[in-house]
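S.K.: input-v1.txt is the file, holding compact mmCIF, C-alpha atoms:
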# COMPACT_ATOMS: atom_id res chain seq x y z
CA MET A 1113 -0.19 -9.57 -7.33
CA LEU A 1114 -0.80 -8.15 -3.88
CA THR A 1115 1.67 -5.34 -3.13
CA THR A 1116 2.33 -2.48 -0.72
CA GLU A 1117 1.69 0.09 -3.46
CA PHE A 1118 -1.83 0.69 -2.22
CA VAL A 1119 -4.63 2.18 -4.31
CA THR A 1120 -8.35 2.48 -3.61
CA GLY A 1121 -9.69 -1.02 -2.99
CA SER A 1122 -6.33 -2.62 -2.27
CA PRO A 1123 -6.06 -4.88 0.77
CA ASN A 1124 -3.82 -2.66 2.92
CA TRP A 1125 -4.13 -4.12 6.41
CA LEU A 1126 -5.32 -7.15 8.32
CA ASP A 1127 -5.51 -7.98 11.96
CA LEU A 1128 -6.49 -10.73 14.30
CA GLY A 1129 -8.92 -10.41 17.19
CA SER A 1130 -8.19 -13.06 19.79
CA PRO A 1131 -9.49 -13.88 23.28
CA GLU A 1132 -5.86 -14.52 24.31
CA PRO A 1133 -3.51 -12.27 22.29
CA GLY A 1134 -0.40 -13.48 24.13
CA ALA A 1135 -1.10 -17.12 23.33
CA ALA A 1136 -2.04 -16.21 19.76
CA ALA A 1137 1.24 -14.32 19.33
CA ALA A 1138 3.15 -17.39 20.55
CA PHE A 1139 1.25 -19.62 18.09
CA TYR A 1140 2.00 -17.44 15.07
CA ALA A 1141 5.62 -17.04 16.16
CA ALA A 1142 5.92 -20.83 16.03
CA VAL A 1143 4.24 -21.04 12.62
CA PHE A 1144 5.53 -17.96 10.75
CA GLY A 1145 8.30 -16.63 12.96
CA TRP A 1146 6.34 -13.42 13.62
CA GLN A 1147 7.44 -11.17 16.45
CA PHE A 1148 4.93 -9.09 18.41
CA GLN A 1149 5.62 -5.38 18.87
CA SER A 1150 3.29 -3.36 21.12
CA ALA A 1151 1.64 -0.32 19.54
CA GLY A 1152 2.14 1.57 22.79
CA PRO A 1153 0.54 2.16 26.19
CA ASP A 1154 -2.54 3.82 24.70
CA ALA A 1155 -3.30 0.97 22.28
CA GLY A 1156 -5.12 -1.30 24.75
CA GLY A 1157 -2.74 -4.20 24.21
CA TYR A 1158 -2.92 -3.97 20.41
CA GLY A 1159 0.33 -4.51 18.55
CA PHE A 1160 2.07 -5.38 15.33
CA LEU A 1161 3.23 -8.75 14.01
CA GLN A 1162 6.56 -8.37 12.24
CA VAL A 1163 9.02 -10.28 10.07
CA ASP A 1164 12.59 -8.97 10.08
CA GLY A 1165 11.33 -5.66 11.42
CA LYS A 1166 8.62 -5.27 8.75
CA THR A 1167 5.01 -5.18 9.89
CA VAL A 1168 2.78 -7.80 8.27
CA ALA A 1169 -0.39 -7.67 10.42
CA GLY A 1170 -1.95 -6.59 13.71
CA LEU A 1171 -3.10 -8.47 16.79
CA GLY A 1172 -5.37 -7.42 19.60
CA GLN A 1173 -8.06 -8.42 22.06
CA LEU A 1174 -11.53 -9.21 20.75
CA THR A 1175 -13.59 -6.06 21.22
CA GLU A 1176 -16.99 -6.76 19.63
CA GLU A 1177 -19.55 -8.39 21.90
CA GLY A 1178 -20.24 -11.98 20.89
CA ALA A 1179 -17.46 -12.05 18.30
CA SER A 1180 -15.36 -15.13 17.64
CA SER A 1181 -11.63 -15.05 16.98
CA ALA A 1182 -11.06 -14.20 13.32
CA TRP A 1183 -8.81 -12.40 10.87
CA THR A 1184 -10.20 -9.14 9.45
CA VAL A 1185 -9.09 -7.87 6.05
CA TYR A 1186 -9.04 -4.08 5.51
CA PHE A 1187 -9.37 -2.35 2.14
CA GLN A 1188 -8.04 1.09 1.31
CA THR A 1189 -10.43 3.99 0.92
CA PRO A 1190 -9.89 7.74 0.60
CA ASP A 1191 -12.88 8.36 2.88
CA ALA A 1192 -13.90 5.82 5.52
CA ASP A 1193 -17.11 7.66 6.39
CA ALA A 1194 -18.28 7.80 2.77
CA ALA A 1195 -17.27 4.17 2.18
CA ALA A 1196 -19.26 2.99 5.19
CA LYS A 1197 -22.33 4.99 4.16
CA ALA A 1198 -22.17 3.70 0.57
CA ALA A 1199 -21.79 0.13 1.77
CA GLU A 1200 -24.78 0.49 4.08
CA GLN A 1201 -26.90 1.91 1.26
CA ALA A 1202 -25.94 -1.14 -0.83
CA GLY A 1203 -27.12 -3.58 1.84
CA ALA A 1204 -24.09 -3.92 4.13
CA THR A 1205 -24.17 -3.49 7.90
CA ILE A 1206 -22.01 -0.97 9.73
CA ARG A 1207 -20.70 -2.75 12.84
CA THR A 1208 -18.70 0.27 14.02
CA ASP A 1209 -19.00 3.76 12.59
CA ALA A 1210 -15.86 5.33 11.15
CA PHE A 1211 -13.43 6.46 13.85
CA ASP A 1212 -9.89 7.77 14.13
CA VAL A 1213 -7.07 5.48 15.31
CA MET A 1214 -4.58 7.71 17.13
CA GLY A 1215 -3.56 9.62 13.99
CA ALA A 1216 -2.65 6.40 12.19
CA GLY A 1217 -5.79 6.52 10.06
CA ARG A 1218 -9.55 6.23 10.10
CA MET A 1219 -11.48 2.98 9.87
CA ALA A 1220 -14.92 1.39 9.94
CA ASN A 1221 -15.95 -2.22 10.55
CA LEU A 1222 -18.56 -3.56 8.12
CA THR A 1223 -20.36 -6.75 7.17
CA ASP A 1224 -21.22 -7.22 3.51
CA PRO A 1225 -24.79 -8.06 2.37
CA GLN A 1226 -24.08 -11.81 2.50
CA GLY A 1227 -22.63 -11.72 6.02
CA ALA A 1228 -18.85 -11.56 5.49
CA PRO A 1229 -17.11 -9.15 7.90
CA TYR A 1230 -14.47 -6.74 6.55
CA ALA A 1231 -13.10 -3.28 7.28
CA VAL A 1232 -12.03 -0.14 5.44
CA TRP A 1233 -8.88 1.84 6.21
CA GLN A 1234 -8.30 5.48 5.33
CA PRO A 1235 -4.55 5.97 5.85
CA GLY A 1236 -3.21 8.74 8.02
CA ASP A 1237 0.31 8.33 9.36
CA PHE A 1238 0.08 4.57 8.82
CA ALA A 1239 -0.34 3.25 5.28
CA GLY A 1240 -0.70 -0.44 6.05
CA PHE A 1241 1.38 -3.61 6.06
CA GLU A 1242 5.00 -3.26 4.98
CA LEU A 1243 5.53 -6.65 3.33
CA ALA A 1244 3.33 -8.59 0.92
CA SER A 1245 3.57 -11.51 -1.52
CA ALA A 1246 6.60 -12.88 0.32
CA PRO A 1247 7.21 -15.79 2.67
CA ASN A 1248 5.39 -15.29 6.00
CA ALA A 1249 3.39 -12.33 4.68
CA LEU A 1250 -0.03 -11.82 3.13
CA GLY A 1251 -0.16 -12.90 -0.51
CA TRP A 1252 -3.85 -13.28 -1.38
CA VAL A 1253 -7.32 -12.72 0.10
CA GLU A 1254 -10.35 -14.85 -0.70
CA LEU A 1255 -14.04 -14.25 -0.11
CA HIS A 1256 -16.29 -17.24 0.56
CA VAL A 1257 -19.99 -16.48 -0.02
CA ALA A 1258 -23.13 -18.19 -1.30
CA ASP A 1259 -23.56 -15.86 -4.30
CA PRO A 1260 -20.18 -14.90 -5.82
CA ALA A 1261 -21.76 -12.86 -8.63
CA ALA A 1262 -23.70 -10.70 -6.18
CA ALA A 1263 -20.55 -10.24 -4.09
CA ALA A 1264 -18.55 -9.18 -7.14
CA ALA A 1265 -21.21 -6.61 -7.96
CA PHE A 1266 -21.32 -5.25 -4.40
CA TYR A 1267 -17.57 -4.85 -4.01
CA GLY A 1268 -17.20 -3.65 -7.58
CA ALA A 1269 -19.56 -0.79 -6.79
CA GLN A 1270 -17.74 -0.06 -3.52
CA PHE A 1271 -14.14 -0.15 -4.70
CA GLY A 1272 -14.18 -0.31 -8.50
CA TRP A 1273 -12.88 -3.88 -8.46
CA ARG A 1274 -12.82 -5.80 -11.71
CA ALA A 1275 -13.89 -9.46 -11.70
CA ALA A 1276 -12.80 -12.19 -14.12
CA GLN A 1277 -13.80 -15.83 -14.17
CA SER A 1278 -11.04 -18.40 -13.79
CA ASP A 1279 -10.95 -22.07 -14.70
CA MET A 1280 -10.35 -23.70 -11.32
CA PRO A 1281 -10.64 -27.45 -10.80
CA ASP A 1282 -14.05 -28.56 -9.52
CA MET A 1283 -15.53 -25.11 -8.85
CA PRO A 1284 -16.15 -21.69 -10.37
CA TYR A 1285 -13.72 -19.03 -9.17
CA THR A 1286 -13.67 -15.26 -9.59
CA ILE A 1287 -10.36 -13.37 -9.72
CA LEU A 1288 -10.44 -9.83 -8.30
CA SER A 1289 -8.27 -6.92 -9.50
CA THR A 1290 -8.14 -3.26 -8.56
CA SER A 1291 -9.73 -0.71 -10.85
CA GLU A 1292 -6.86 0.12 -13.21
CA GLY A 1293 -3.90 -1.56 -14.86
CA ASP A 1294 -3.23 -5.03 -16.18
CA LEU A 1295 -5.74 -7.53 -14.76
CA ASP A 1296 -3.14 -10.13 -13.80
CA ALA A 1297 -0.67 -7.64 -12.40
CA THR A 1298 -3.28 -5.96 -10.20
CA SER A 1299 -5.07 -9.12 -9.03
CA PHE A 1300 -5.08 -9.52 -5.26
CA GLY A 1301 -7.79 -12.03 -4.39
CA GLY A 1302 -10.72 -14.13 -5.40
CA ILE A 1303 -14.28 -15.19 -4.64
CA ALA A 1304 -15.17 -18.83 -4.06
CA PRO A 1305 -18.57 -20.46 -3.46
CA LEU A 1306 -19.46 -21.10 0.16
CA MET A 1307 -18.92 -24.71 1.17
CA GLU A 1308 -21.37 -26.66 3.30
CA GLY A 1309 -21.08 -25.76 6.96
CA GLN A 1310 -19.22 -22.50 6.32
CA THR A 1311 -20.30 -19.00 7.20
CA PRO A 1312 -19.43 -16.12 4.83
CA HIS A 1313 -15.91 -14.86 5.46
CA TRP A 1314 -12.72 -13.38 4.05
CA LEU A 1315 -9.78 -15.79 4.22
CA PRO A 1316 -6.18 -14.47 4.24
CA TYR A 1317 -3.46 -16.49 2.48
CA PHE A 1318 0.09 -16.25 3.80
CA GLY A 1319 3.06 -17.23 1.67
CA VAL A 1320 5.32 -20.03 2.90
CA GLU A 1321 8.32 -21.89 1.54
CA ASP A 1322 6.99 -25.34 2.51
CA VAL A 1323 3.25 -25.82 3.07
CA ASP A 1324 3.54 -29.33 4.49
CA ASP A 1325 6.21 -28.33 6.99
CA ARG A 1326 4.29 -25.25 8.19
CA ALA A 1327 1.02 -27.22 8.40
CA ALA A 1328 2.83 -29.66 10.68
CA ALA A 1329 3.98 -26.66 12.75
CA VAL A 1330 0.34 -25.59 13.09
CA THR A 1331 -0.69 -28.92 14.61
CA SER A 1332 2.40 -28.97 16.85
CA ALA A 1333 1.35 -25.56 18.18
CA SER A 1334 -2.20 -26.81 18.96
CA GLY A 1335 -3.80 -25.45 15.80
CA ALA A 1336 -5.91 -27.45 13.35
CA VAL A 1337 -5.74 -28.45 9.69
CA ILE A 1338 -9.06 -27.67 7.97
CA VAL A 1339 -8.01 -28.54 4.41
CA PRO A 1340 -4.79 -30.59 4.25
CA PRO A 1341 -1.95 -29.56 1.93
CA MET A 1342 -2.77 -30.13 -1.72
CA ASP A 1343 -1.73 -28.92 -5.14
CA ILE A 1344 -3.81 -26.63 -7.33
CA PRO A 1345 -2.70 -26.87 -10.97
CA SER A 1346 -1.12 -23.64 -12.26
CA VAL A 1347 -1.50 -22.04 -8.79
CA GLY A 1348 0.62 -23.89 -6.25
CA ARG A 1349 0.34 -25.89 -3.05
CA PHE A 1350 -2.00 -24.69 -0.34
CA ALA A 1351 -3.71 -25.61 2.92
CA ILE A 1352 -6.37 -24.07 5.15
CA LEU A 1353 -5.65 -24.00 8.88
CA ALA A 1354 -7.04 -22.66 12.15
CA ASP A 1355 -5.22 -21.29 15.16
CA PRO A 1356 -5.97 -22.63 18.68
CA PHE A 1357 -8.84 -20.14 19.06
CA GLY A 1358 -10.54 -21.01 15.77
CA ALA A 1359 -9.35 -18.16 13.52
CA GLN A 1360 -8.91 -19.58 10.03
CA PHE A 1361 -6.18 -18.71 7.56
CA ALA A 1362 -4.52 -20.33 4.55
CA MET A 1363 -0.97 -20.94 3.37
CA LEU A 1364 0.23 -20.91 -0.22
CA LYS A 1365 3.46 -21.86 -1.93
CA PRO A 1366 2.95 -20.39 -5.41
CA GLU A 1367 3.85 -22.52 -8.38
CA GLN A 1368 7.02 -21.26 -10.00
CA PRO A 1369 6.85 -20.38 -13.72
CA ALA A 1370 8.48 -22.99 -15.95
Would you mind writing the structure in this file as structure tokens?
M.R.:
Amino acid sequence: MLTTEFVTGSPNWLDLGSPEPGAAAAFYAAVFGWQFQSAGPDAGGYGFLQVDGKTVAGLGQLTEEGASSAWTVYFQTPDADAAAKAAEQAGATIRTDAFDVMGAGRMANLTDPQGAPYAVWQPGDFAGFELASAPNALGWVELHVADPAAAAAFYGAQFGWRAAQSDMPDMPYTILSTSEGDLDATSFGGIAPLMEGQTPHWLPYFGVEDVDDRAAAVTSASGAVIVPPMDIPSVGRFAILADPFGAQFAMLKPEQPA
């Protein structure tokens, strides 16, 4: 279960780069009820998306040349510089060297050996998101790549993640857990095979009370439905969507235990 009790390798932040942050903020307000809070005059327009005063994600202007609008998932590290160097030595690409973020922490932007962008976050004054595994907050992260086994090995070496195979309908699926503790209790994400036409990416899942209703809200707010709402046995009901600028995300209503 994804939590805010972060350890090395935990997803501890995510943000959205958008060509029109104001319009993106309005879209996600309509879908999840998020409110945008500026990070201050020195933040270049960057700010926080919040639910009931709790920060769930970040939003800012696209900064990398040639980049498309997308969600970036960050993973906790005790040393962003060392994490970036180790990733590069294992075949990843460093898109931006580690740098300080106004005392909040230190980060680096990376692309894994199969082409999926991600980031690492070394906390300073800011630990990460303040709400997880709740409605309108991050509940799961999923990596889509051509070679799941190679990805599990790469990230396992980087963060100590443990990987376990799961019996999912119609496709192999790898469940990811942090390095210590009960496998189920510390699971936070998965790896799925890349589908035709996809590029490698990390996909964030946000919890919702009603997937069908929120998917309808996405289309009403000029977003798109990529995978329509459907049930996954023993998991719950989910859908994959895109905002008006093409950034993809998923929704999940977890199945309640009997």
S.K.: Closest to A:Pro1190 among A:Phe1139, A:Tyr1285, A:Tyr1230, A:Phe1271, using only C-alpha atoms?
M.R.: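 Once distances to A:Pro1190 are computed over only C-alpha atoms, the minimum belongs to A:Phe1271.
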S.K.: Near stretch 1302-1306 of chain A, counting only C-alpha atoms, which residues have an atom at most 6 Å away, once you skip same-chain residues fewer than 2 positions from it, shown as JSON, numbers by chain?
M.R.: {"A": [1254, 1255, 1256, 1257, 1258, 1285, 1286, 1287, 1288]}
S.K.: Can you work out which one of A:Val1213, A:Met1280, A:Ala1199, A:Ala1351 has the shortest atom-to-atom distance to A:Tyr1158, counting all atoms listed in the file?
M.R.: A:Val1213
S.K.: For A:Gly1348, list every protein, DNA or RNA residue within 7 Å, evaluated using only C-alpha atoms, and leave out those in the same chain fewer than 6 positions away; present the list as a PyMOL selection string.
M.R.: chain A and resi 1364-1367
S.K.: With C-alpha atoms retained, export the selected residues as a JSON list (two decimals), in the coordinates of the input.
M.R.:
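again_30.json was written with the following content:
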[["chain", "number", "residue", "atom", "x", "y", "z"],
["A", 1364, "LEU", "CA", 0.23, -20.91, -0.22],
["A", 1365, "LYS", "CA", 3.46, -21.86, -1.93],
["A", 1366, "PRO", "CA", 2.95, -20.39, -5.41],
["A", 1367, "GLU", "CA", 3.85, -22.52, -8.38]]
S.K.: How many Å separate atom CA of A:Ser1130 from atom CA of A:Gly1203?
M.R.: 27.8 Å
